[in-house]
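Participant: Dropping in target-v8.cif, with mmCIF, C-alpha atoms.
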data_start
loop_
_atom_site.label_atom_id
_atom_site.label_comp_id
_atom_site.auth_asym_id
_atom_site.auth_seq_id
_atom_site.Cartn_x
_atom_site.Cartn_y
_atom_site.Cartn_z
CA MET A 2 0.00 0.00 0.00
CA ASN A 3 1.36 3.44 -0.94
CA ASN A 4 1.17 6.70 1.02
CA GLN A 5 -2.18 7.66 -0.48
CA LYS A 6 -5.47 7.09 1.28
CA PRO A 7 -6.46 3.41 1.51
CA LYS A 8 -8.90 2.41 -1.22
CA ILE A 9 -12.16 0.57 -0.56
CA MET A 10 -14.18 -1.01 -3.36
CA HIS A 11 -17.85 -1.54 -2.59
CA VAL A 12 -19.80 -4.00 -4.74
CA VAL A 13 -23.60 -3.93 -4.83
CA VAL A 14 -26.15 -5.55 -7.15
CA ASN A 15 -29.46 -4.47 -5.58
CA PHE A 16 -28.59 -0.77 -5.85
CA SER A 17 -31.82 0.72 -4.58
CA GLY A 18 -33.90 1.30 -1.47
CA GLY A 19 -32.20 1.04 1.90
CA ILE A 20 -28.88 -0.26 0.56
CA PHE A 21 -28.65 2.74 -1.75
CA THR A 22 -29.25 5.14 1.16
CA PHE A 23 -26.83 3.20 3.38
CA LEU A 24 -24.03 3.51 0.81
CA GLN A 25 -24.72 7.20 0.37
CA TYR A 26 -24.28 7.72 4.12
CA LEU A 27 -21.25 5.45 4.41
CA THR A 28 -19.24 6.73 1.46
CA ARG A 29 -20.04 10.39 2.11
CA GLY A 30 -19.02 10.06 5.75
CA LEU A 31 -15.69 8.31 5.11
CA VAL A 32 -14.60 9.69 1.73
CA ASP A 33 -12.09 12.01 3.37
CA THR A 34 -10.40 9.04 5.05
CA TYR A 35 -10.60 6.45 2.25
CA ASP A 36 -10.71 6.48 -1.52
CA MET A 37 -14.18 5.09 -2.23
CA THR A 38 -15.29 3.21 -5.34
CA VAL A 39 -18.80 1.78 -5.75
CA VAL A 40 -19.23 -0.97 -8.34
CA TYR A 41 -22.94 -1.37 -8.96
CA VAL A 42 -25.64 -2.87 -11.15
CA ALA A 43 -28.31 -0.45 -12.36
CA SER A 44 -31.87 -1.82 -12.37
CA GLY A 45 -35.32 -0.41 -12.87
CA ASN A 46 -35.36 0.49 -9.17
CA THR A 47 -32.04 2.34 -9.19
CA PRO A 48 -32.45 6.14 -9.09
CA SER A 49 -31.67 7.69 -12.46
CA ASN A 50 -29.46 10.42 -11.02
CA VAL A 51 -26.93 8.18 -9.28
CA ARG A 52 -23.99 10.49 -9.90
CA SER A 53 -25.62 13.48 -8.23
CA ARG A 54 -26.61 11.41 -5.18
CA PHE A 55 -23.00 10.61 -4.22
CA ASP A 56 -20.07 12.76 -3.19
CA ARG A 57 -18.11 13.89 -6.25
CA ASN A 58 -15.00 12.16 -4.88
CA VAL A 59 -16.70 8.76 -4.83
CA GLN A 60 -15.94 6.83 -8.02
CA LEU A 61 -18.93 5.00 -9.54
CA ILE A 62 -18.48 2.05 -11.91
CA ARG A 63 -21.35 0.15 -13.53
CA LEU A 64 -20.95 -3.61 -13.63
CA ALA A 65 -21.57 -4.48 -17.27
CA THR A 66 -21.93 -8.27 -17.32
CA TYR A 67 -24.33 -9.06 -14.48
CA ASP A 68 -27.26 -11.24 -15.58
CA PRO A 69 -30.31 -11.41 -13.27
CA SER A 70 -31.14 -14.90 -14.61
CA HIS A 71 -28.06 -16.17 -12.70
CA ASN A 72 -27.03 -18.46 -15.49
CA PRO A 73 -23.78 -20.22 -14.36
CA ILE A 74 -21.92 -19.16 -17.50
CA ASN A 75 -22.93 -15.53 -17.09
CA ASP A 76 -22.11 -15.66 -13.37
CA SER A 77 -18.62 -16.79 -14.35
CA THR A 78 -18.32 -13.84 -16.73
CA THR A 79 -19.37 -11.44 -13.96
CA ARG A 80 -16.82 -12.92 -11.56
CA ASN A 81 -14.14 -12.38 -14.20
CA GLU A 82 -15.24 -8.76 -14.61
CA LEU A 83 -14.98 -8.26 -10.84
CA ARG A 84 -11.44 -9.69 -10.88
CA THR A 85 -10.52 -7.37 -13.76
CA LEU A 86 -11.86 -4.39 -11.80
CA TYR A 87 -9.82 -5.52 -8.82
CA GLU A 88 -6.65 -5.53 -10.94
CA GLN A 89 -7.49 -2.08 -12.31
CA GLU A 90 -8.50 -0.45 -9.04
CA LYS A 91 -6.16 -2.32 -6.68
CA PRO A 92 -8.32 -1.75 -3.59
CA ASP A 93 -6.97 -2.35 -0.10
CA LEU A 94 -10.34 -3.76 0.99
CA ILE A 95 -13.51 -4.99 -0.74
CA HIS A 96 -16.95 -4.62 0.83
CA LEU A 97 -19.80 -6.66 -0.69
CA HIS A 98 -23.42 -5.61 -0.07
CA GLY A 99 -26.49 -7.84 -0.42
CA PHE A 100 -27.04 -11.46 -1.37
CA HIS A 101 -26.01 -11.46 -5.03
CA ALA A 102 -22.92 -9.29 -4.55
CA GLY A 103 -21.96 -11.59 -1.68
CA ARG A 104 -22.56 -14.71 -3.74
CA LEU A 105 -20.52 -13.52 -6.73
CA GLY A 106 -17.87 -11.53 -4.89
CA ARG A 107 -16.89 -14.14 -2.34
CA ARG A 108 -16.27 -16.62 -5.15
CA ALA A 109 -14.50 -14.05 -7.33
CA PHE A 110 -12.06 -12.95 -4.63
CA GLU A 111 -11.62 -16.22 -2.76
CA GLY A 112 -7.94 -16.70 -1.99
CA PHE A 113 -6.98 -13.17 -3.05
CA ASP A 114 -4.57 -11.23 -0.87
CA VAL A 115 -7.18 -8.62 0.04
CA PRO A 116 -9.57 -8.50 3.00
CA VAL A 117 -13.21 -8.93 2.00
CA LEU A 118 -16.26 -7.89 4.03
CA TYR A 119 -19.81 -9.04 3.31
CA THR A 120 -22.95 -7.36 4.65
CA PRO A 121 -26.14 -9.34 3.87
CA HIS A 122 -28.56 -6.45 4.54
CA GLY A 123 -31.21 -9.09 5.34
CA TYR A 124 -30.90 -12.87 4.89
CA ARG A 125 -33.32 -14.01 2.20
CA TYR A 126 -33.75 -17.47 3.70
CA LEU A 127 -35.63 -15.89 6.61
CA ALA A 128 -38.63 -14.95 4.43
CA GLU A 129 -41.60 -16.84 5.87
CA ASP A 130 -43.59 -16.68 2.63
CA ARG A 131 -41.07 -18.70 0.64
CA ASN A 132 -41.43 -22.45 0.41
CA ARG A 133 -39.06 -24.65 2.36
CA LEU A 134 -37.02 -25.65 -0.71
CA THR A 135 -36.41 -22.05 -1.79
CA ARG A 136 -35.40 -21.04 1.72
CA SER A 137 -33.07 -24.06 1.90
CA VAL A 138 -31.38 -23.02 -1.34
CA PHE A 139 -30.74 -19.49 -0.01
CA ARG A 140 -29.53 -20.88 3.31
CA TYR A 141 -27.20 -23.38 1.60
CA SER A 142 -25.70 -20.61 -0.54
CA GLU A 143 -25.00 -18.46 2.53
CA GLN A 144 -23.67 -21.43 4.51
CA SER A 145 -21.35 -22.62 1.74
CA LEU A 146 -19.72 -19.18 1.43
CA ALA A 147 -19.73 -18.10 5.06
CA ASN A 148 -16.25 -19.42 5.81
CA THR A 149 -14.48 -18.07 2.74
CA ALA A 150 -10.96 -17.63 4.08
CA ASN A 151 -10.42 -13.90 3.48
CA CYS A 152 -14.02 -12.79 4.14
CA THR A 153 -15.65 -11.46 7.31
CA THR A 154 -19.42 -11.11 7.50
CA VAL A 155 -20.46 -7.74 8.91
CA ALA A 156 -24.09 -7.89 9.99
CA CYS A 157 -26.08 -4.66 10.15
CA SER A 158 -28.08 -5.60 13.27
CA LYS A 159 -27.85 -7.84 16.33
CA GLY A 160 -30.42 -10.21 14.88
CA GLU A 161 -28.53 -10.58 11.61
CA PHE A 162 -25.35 -11.13 13.62
CA ALA A 163 -27.00 -13.91 15.62
CA GLU A 164 -28.08 -15.58 12.36
CA THR A 165 -24.54 -15.27 11.01
CA LEU A 166 -23.02 -16.96 14.05
CA GLY A 167 -25.04 -20.04 13.13
CA MET A 168 -22.87 -20.29 10.01
CA THR A 169 -19.46 -18.84 10.92
CA ASP A 170 -17.49 -17.33 13.76
CA ASN A 171 -15.75 -15.00 11.33
CA ALA A 172 -18.31 -12.27 11.87
CA THR A 173 -19.06 -8.99 13.59
CA TYR A 174 -21.80 -6.38 13.39
CA VAL A 175 -22.21 -2.65 12.97
CA ASN A 176 -25.69 -1.23 13.43
CA ASN A 177 -27.01 0.88 10.59
CA GLY A 178 -27.20 4.58 11.44
CA ILE A 179 -28.86 7.69 10.07
CA ASP A 180 -27.87 11.33 9.67
CA THR A 181 -30.04 12.94 12.33
CA ALA A 182 -28.61 16.43 11.76
CA GLU A 183 -29.58 16.25 8.09
CA ILE A 184 -33.11 15.15 9.01
CA ASP A 185 -33.45 18.02 11.49
CA GLU A 186 -32.49 20.50 8.78
CA LEU A 187 -34.90 19.00 6.25
CA VAL A 188 -37.97 19.08 8.49
CA LYS A 189 -37.38 22.25 10.52
CA ASP A 190 -39.80 24.36 8.46
CA ILE A 191 -42.56 21.77 8.02
CA PRO A 192 -45.67 23.02 9.85
CA GLN A 193 -47.36 20.71 12.35
CA GLU A 194 -51.00 20.96 11.31
CA GLU A 195 -54.06 19.02 12.42
CA HIS A 196 -55.04 16.40 9.85
CA GLU A 197 -56.69 13.02 9.46
CA LEU A 198 -54.62 9.98 10.43
CA ARG A 199 -51.96 9.20 7.84
CA VAL A 200 -50.40 5.73 7.80
CA PHE A 201 -47.34 5.39 5.58
CA THR A 202 -44.38 3.34 4.54
CA SER A 203 -41.30 4.30 2.54
CA GLY A 204 -39.21 2.27 0.11
CA LEU A 205 -39.41 -0.14 -2.79
CA ILE A 206 -42.70 -1.84 -3.55
CA ASN A 207 -41.45 -5.39 -3.86
CA ASP A 208 -42.18 -8.84 -2.46
CA GLN A 209 -39.81 -8.31 0.49
CA LYS A 210 -42.06 -5.51 1.78
CA ASN A 211 -45.13 -7.79 1.63
CA PRO A 212 -47.55 -5.48 -0.24
CA GLU A 213 -50.34 -8.05 0.11
CA LEU A 214 -50.37 -7.58 3.89
CA PHE A 215 -50.11 -3.81 3.56
CA ASN A 216 -53.12 -3.94 1.23
CA GLU A 217 -55.09 -6.14 3.63
CA ILE A 218 -54.51 -3.70 6.49
CA ALA A 219 -55.57 -0.75 4.35
CA ARG A 220 -58.77 -2.54 3.32
CA ALA A 221 -59.55 -3.22 6.97
CA MET A 222 -59.33 0.54 7.67
CA PRO A 223 -61.22 2.10 4.74
CA GLU A 224 -61.61 5.49 6.42
CA THR A 225 -57.87 5.86 7.01
CA ARG A 226 -55.42 7.35 4.53
CA PHE A 227 -52.51 5.06 3.60
CA ILE A 228 -49.47 6.40 1.73
CA TRP A 229 -46.63 4.47 0.08
CA ILE A 230 -43.62 6.72 -0.45
CA GLY A 231 -41.91 5.04 -3.38
CA ASP A 232 -42.63 2.77 -6.32
CA GLY A 233 -41.73 -0.69 -7.51
CA GLU A 234 -42.43 -3.85 -9.43
CA THR A 235 -45.30 -5.17 -7.27
CA LYS A 236 -47.34 -1.97 -7.05
CA TRP A 237 -50.15 -3.85 -8.81
CA LYS A 238 -50.76 -5.82 -5.60
CA LEU A 239 -51.86 -2.65 -3.80
CA THR A 240 -55.50 -2.32 -4.83
CA ALA A 241 -57.20 -0.78 -1.77
CA PRO A 242 -58.80 2.53 -2.82
CA ASN A 243 -57.45 4.36 0.25
CA ILE A 244 -53.78 3.76 -0.70
CA GLU A 245 -51.93 6.69 -2.29
CA PHE A 246 -48.59 6.52 -4.09
CA THR A 247 -46.00 9.27 -4.27
CA GLY A 248 -43.85 7.55 -6.89
CA TRP A 249 -40.06 7.76 -6.72
CA GLN A 250 -38.80 10.66 -4.67
CA GLU A 251 -35.40 12.04 -3.79
CA HIS A 252 -34.36 11.05 -0.27
CA ASP A 253 -34.78 14.63 0.96
CA GLU A 254 -38.34 14.80 -0.37
CA ALA A 255 -39.17 11.38 1.09
CA ILE A 256 -38.05 12.57 4.54
CA LYS A 257 -40.25 15.66 4.27
CA LYS A 258 -43.22 13.50 3.26
CA MET A 259 -42.58 11.18 6.20
CA ALA A 260 -42.62 14.17 8.53
CA GLU A 261 -46.17 14.98 7.42
CA CYS A 262 -47.48 11.52 8.36
CA ASP A 263 -48.31 9.80 11.66
CA VAL A 264 -47.91 6.02 11.73
CA PHE A 265 -45.07 4.13 10.02
CA LEU A 266 -46.18 0.69 8.82
CA LEU A 267 -43.58 -1.93 7.87
CA THR A 268 -44.98 -5.30 6.81
CA SER A 269 -41.68 -6.81 5.60
CA LEU A 270 -41.07 -10.53 5.28
CA TRP A 271 -37.38 -10.08 6.07
CA GLU A 272 -35.02 -7.21 6.84
CA GLY A 273 -31.43 -6.37 7.74
CA LEU A 274 -31.90 -3.15 9.69
CA PRO A 275 -34.31 -0.89 7.78
CA ILE A 276 -33.08 2.67 7.27
CA ALA A 277 -36.66 3.92 6.78
CA LEU A 278 -37.63 2.50 10.18
CA LEU A 279 -34.77 4.32 11.89
CA GLU A 280 -35.77 7.54 10.14
CA ALA A 281 -39.42 7.15 11.17
CA MET A 282 -38.44 6.47 14.77
CA TYR A 283 -36.27 9.59 14.85
CA LEU A 284 -39.17 11.60 13.39
CA LYS A 285 -41.30 10.43 16.36
CA LYS A 286 -43.74 8.43 14.26
CA LEU A 287 -45.61 5.53 15.83
CA CYS A 288 -43.84 2.53 14.28
CA VAL A 289 -45.78 -0.70 13.69
CA VAL A 290 -43.67 -3.51 12.24
CA SER A 291 -43.74 -7.20 11.38
CA ASN A 292 -42.03 -9.72 13.62
CA VAL A 293 -38.80 -10.17 11.64
CA VAL A 294 -35.07 -9.89 12.27
CA GLY A 295 -33.94 -6.29 11.91
CA SER A 296 -37.27 -4.70 12.76
CA ARG A 297 -37.55 -6.46 16.12
CA ASP A 298 -33.92 -5.60 16.87
CA VAL A 299 -34.88 -1.95 17.33
CA ILE A 300 -38.57 -2.11 18.27
CA ASN A 301 -39.41 -3.21 21.80
CA ASN A 302 -43.10 -4.07 21.71
CA GLY A 303 -45.18 -1.54 23.59
CA GLU A 304 -42.16 0.55 24.59
CA ASN A 305 -40.98 2.31 21.42
CA GLY A 306 -43.39 0.84 18.87
CA TYR A 307 -45.39 -2.30 18.15
CA ILE A 308 -44.49 -5.71 16.69
CA CYS A 309 -47.32 -7.56 14.95
CA ASP A 310 -47.98 -11.04 13.53
CA SER A 311 -51.34 -10.58 11.76
CA ALA A 312 -53.40 -7.99 9.91
CA ALA A 313 -55.75 -7.71 12.89
CA ALA A 314 -52.82 -7.02 15.21
CA PHE A 315 -51.54 -4.32 12.84
CA VAL A 316 -54.95 -2.63 12.78
CA ASN A 317 -55.16 -2.73 16.57
CA ALA A 318 -51.65 -1.27 16.93
CA ILE A 319 -52.34 1.55 14.44
CA ASN A 320 -55.40 2.49 16.47
CA HIS A 321 -53.14 2.93 19.52
CA TYR A 322 -51.98 6.19 17.93
CA LYS A 323 -54.97 7.82 19.59
CA ASP A 324 -54.03 6.55 23.07
CA GLU A 325 -52.42 8.72 25.73
CA GLU A 326 -49.26 6.59 25.89
CA SER A 327 -48.61 7.02 22.15
CA GLU A 328 -46.60 10.18 22.70
CA THR A 329 -44.40 8.46 25.30
CA ILE A 330 -43.77 5.55 22.92
CA ARG A 331 -42.84 7.91 20.09
CA GLU A 332 -40.52 9.93 22.30
CA GLN A 333 -38.78 6.73 23.40
CA ALA A 334 -38.30 5.69 19.77
CA HIS A 335 -36.67 9.05 19.03
CA GLN A 336 -34.35 8.78 22.03
CA ASP A 337 -33.31 5.22 21.10
CA ILE A 338 -32.12 6.45 17.68
CA VAL A 339 -30.16 9.31 19.24
CA GLU A 340 -28.42 6.96 21.66
CA HIS A 341 -27.79 3.90 19.51
CA TYR A 342 -28.31 4.47 15.78
CA SER A 343 -26.69 7.76 14.83
CA LEU A 344 -24.61 8.09 11.68
CA GLU A 345 -21.62 9.22 13.77
CA GLN A 346 -21.61 5.94 15.68
CA MET A 347 -21.91 3.87 12.51
CA LEU A 348 -19.10 5.73 10.73
CA LYS A 349 -16.75 5.45 13.70
CA LYS A 350 -17.28 1.69 13.91
CA TYR A 351 -16.79 1.18 10.18
CA ASP A 352 -13.67 3.34 10.21
CA ASN A 353 -12.24 1.20 13.01
CA LEU A 354 -13.17 -2.03 11.22
CA TYR A 355 -11.77 -0.93 7.85
CA SER A 356 -8.53 0.27 9.41
CA LYS A 357 -8.11 -2.92 11.41
CA LYS A 358 -8.60 -5.13 8.34
CA ILE A 359 -6.43 -3.06 6.00
CA TYR A 360 -3.44 -2.64 8.30
CA ALA A 361 -3.54 -6.26 9.44
CA LYS A 362 -2.61 -7.37 5.89
#
Starting from the coordinates I provided, produce the structure as structure tokens.
Facilitator:
Amino acid sequence: MNNQKPKIMHVVVNFSGGIFTFLQYLTRGLVDTYDMTVVYVASGNTPSNVRSRFDRNVQLIRLATYDPSHNPINDSTTRNELRTLYEQEKPDLIHLHGFHAGRLGRRAFEGFDVPVLYTPHGYRYLAEDRNRLTRSVFRYSEQSLANTANCTTVACSKGEFAETLGMTDNATYVNNGIDTAEIDELVKDIPQEEHELRVFTSGLINDQKNPELFNEIARAMPETRFIWIGDGETKWKLTAPNIEFTGWQEHDEAIKKMAECDVFLLTSLWEGLPIALLEAMYLKKLCVVSNVVGSRDVINNGENGYICDSAAAFVNAINHYKDEESETIREQAHQDIVEHYSLEQMLKKYDNLYSKKIYAK
């Protein structure tokens, strides 16, 4: 390694939603300490203005050969492209994000003289709606790669870390964090006006977010306004007439829209540690979430939000917004983010981890 800043190469396939926001935060916060390169795959869910969303000193490289059909021959071609990029960029550390980047990258860089980190951002085999065979395939893939010699799994929540320890001891975790100062600046001029109850979620409309359950809850509360901040491939599953869609929005605009709402609803089938949930908690929204890893790592039922297992339980929890203790619950959620999930804490821990791995080479 020369006297320049150490170089980190991030690789991400699902470049959208929470992972997109996470990488914005991470690279922007550490770009003065490390040279940052993000190798990514653009999809229909990737924001069109990627370049403007990242610090100008972060290098962005589109991965040209990735094939979503996961044909073995094409996977081999993608692994070769990753190795070529490694030779060109000569990073001091590689950080893989999400299932497919982890699957391809750990094979591509196995045995290389470079430390590799892998963050799952939510294990797919935990999805309760998938059949046993599909879940077994995802689990086998994670298990078979978990002990790749030069790779450490970095979970983004305690629950994801606990899952990881069932596959390998070569693991640690760093909680996701959010930029609370930025949020304060964005919402400082938004007036707090009386309005009808607004239940919302924010992010991709895809199978992970369980739009069928979201739709069922909305249908059970026909007089309540439901808002989905975002867009996605399974929007067609949201048919309740009281659901509104904002379409794709810049992160700043999404935060402002969240600030105008009341109850954050997250019906996910699996999660890592949802950025939108952390943002909603900081904004003092009543958070009502499904009982999955990631969400239940930050929500303590009845203390700073509600954890639910059925549509009826979700409806009941949403109706608690009118109760006297709702304000106490929302204040506790806000305080938990301040104390445990700030961007400053996340950046410090990643800086320590990156430095430890790079200088141990």
Participant: Name the residues within 9 Å of (-22.4, -4.7, -12.0), counting all atoms listed in the file in the file's coordinates, and put them as a ChimeraX atom specification.
Facilitator: /A:12-14,40-43,62-68,79,82-83,102
Participant: So, with only C-alpha atoms as the atoms that count, which of A:His335, A:Arg52, A:Arg220, A:His11 lies closest to Leu278 (chain A)?
Facilitator: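 Going through A:His335, A:Arg52, A:Arg220, A:His11 one by one, the smallest distance to Leu278 (chain A) is for A:His335.
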Participant: Applying 8 Å and only C-alpha atoms, which residues near Ala172 (chain A) remain after dropping the ones on its own chain fewer than 2 positions away? List them as a PyMOL selection string.
Facilitator: chain A and resi 153-156+162+165-166+169-170+174
Participant: Between A:Asp208, A:Asp232, A:Glu332, A:Glu261, which is the closest to Pro192 (chain A) once you count all atoms listed in the file?
Facilitator: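 Closest to Pro192 (chain A) of all the choices is A:Glu261.
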Participant: Find, counting all atoms listed in the file, the residue in A:Leu344, A:Met10, A:Ile276, A:Val339 that gets nearest to Tyr26 (chain A).
Facilitator: A:Leu344
Participant: Neighbouring residues of Glu245 (chain A) were defined as those with any atom within 12 Å, considering all atoms listed in the file; residues of the same chain fewer than 2 positions away were excluded. Please report them as a PyMOL selection string.
Facilitator: chain A and resi 199-203+216+219+225-232+236+239-243+247-248
Participant: Name all residues at most 9 Å from Asn207 (chain A) (count all atoms listed in the file; drop same-chain ones fewer than 3 positions away) and give them as a count of residues only.
Facilitator: 9
Participant: Could you please determine the separation between CA of His252 (chain A) and CA of Asn320 (chain A) in Å, to one decimal place?
Facilitator: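 According to the coordinates, CA of His252 (chain A) and CA of Asn320 (chain A) are separated by 28.2 Å.
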Participant: Can you list, as a count of residues only, the residues that the PyMOL selection byres ((chain A and resi 29) around 12) selects here?
Facilitator: 28
Participant: Could you tell me which residues the PyMOL selection byres ((chain A and resi 293) around 8) grabs in this file, written as a list in words?
Facilitator: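 Taken on the displayed file, the PyMOL selection byres ((chain A and resi 293) around 8) yields the residues Ser269, Leu270, Trp271, Glu272, Ser291, Asn292, Val294, Gly295, Ser296 and Arg297 of chain A.
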Participant: Next, write the just-selected residues to a file, as an mmCIF file, in the coordinates of the input, keeping C-alpha atoms as the atom set.
Facilitator:
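What ended up in selection.cif:
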data_model
loop_
_atom_site.group_PDB
_atom_site.id
_atom_site.type_symbol
_atom_site.label_atom_id
_atom_site.label_comp_id
_atom_site.auth_asym_id
_atom_site.auth_seq_id
_atom_site.Cartn_x
_atom_site.Cartn_y
_atom_site.Cartn_z
ATOM 1 C CA SER A 269 -41.680 -6.810 5.600
ATOM 2 C CA LEU A 270 -41.070 -10.530 5.280
ATOM 3 C CA TRP A 271 -37.380 -10.080 6.070
ATOM 4 C CA GLU A 272 -35.020 -7.210 6.840
ATOM 5 C CA SER A 291 -43.740 -7.200 11.380
ATOM 6 C CA ASN A 292 -42.030 -9.720 13.620
ATOM 7 C CA VAL A 294 -35.070 -9.890 12.270
ATOM 8 C CA GLY A 295 -33.940 -6.290 11.910
ATOM 9 C CA SER A 296 -37.270 -4.700 12.760
ATOM 10 C CA ARG A 297 -37.550 -6.460 16.120
#
Participant: For the provided coordinates, the residues matched by the PyMOL selection byres ((chain A and resi 191) around 9) should be stated as an MDAnalysis selection string.
Facilitator: chainID A and resid 187:190 192:193 257 260:261
Participant: What separation in Å, quoted to one decimal, exists between CA of Ile359 (chain A) and CA of Thr173 (chain A)?
Facilitator: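 It comes out at 15.9 Å.
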Participant: Pick out the closest residue to Phe113 (chain A) from this set: A:Asn302, A:Thr149, A:Ser158, A:Asn46. Count all atoms listed in the file.
Facilitator: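 The shortest atom-to-atom distance to Phe113 (chain A) comes from A:Thr149.
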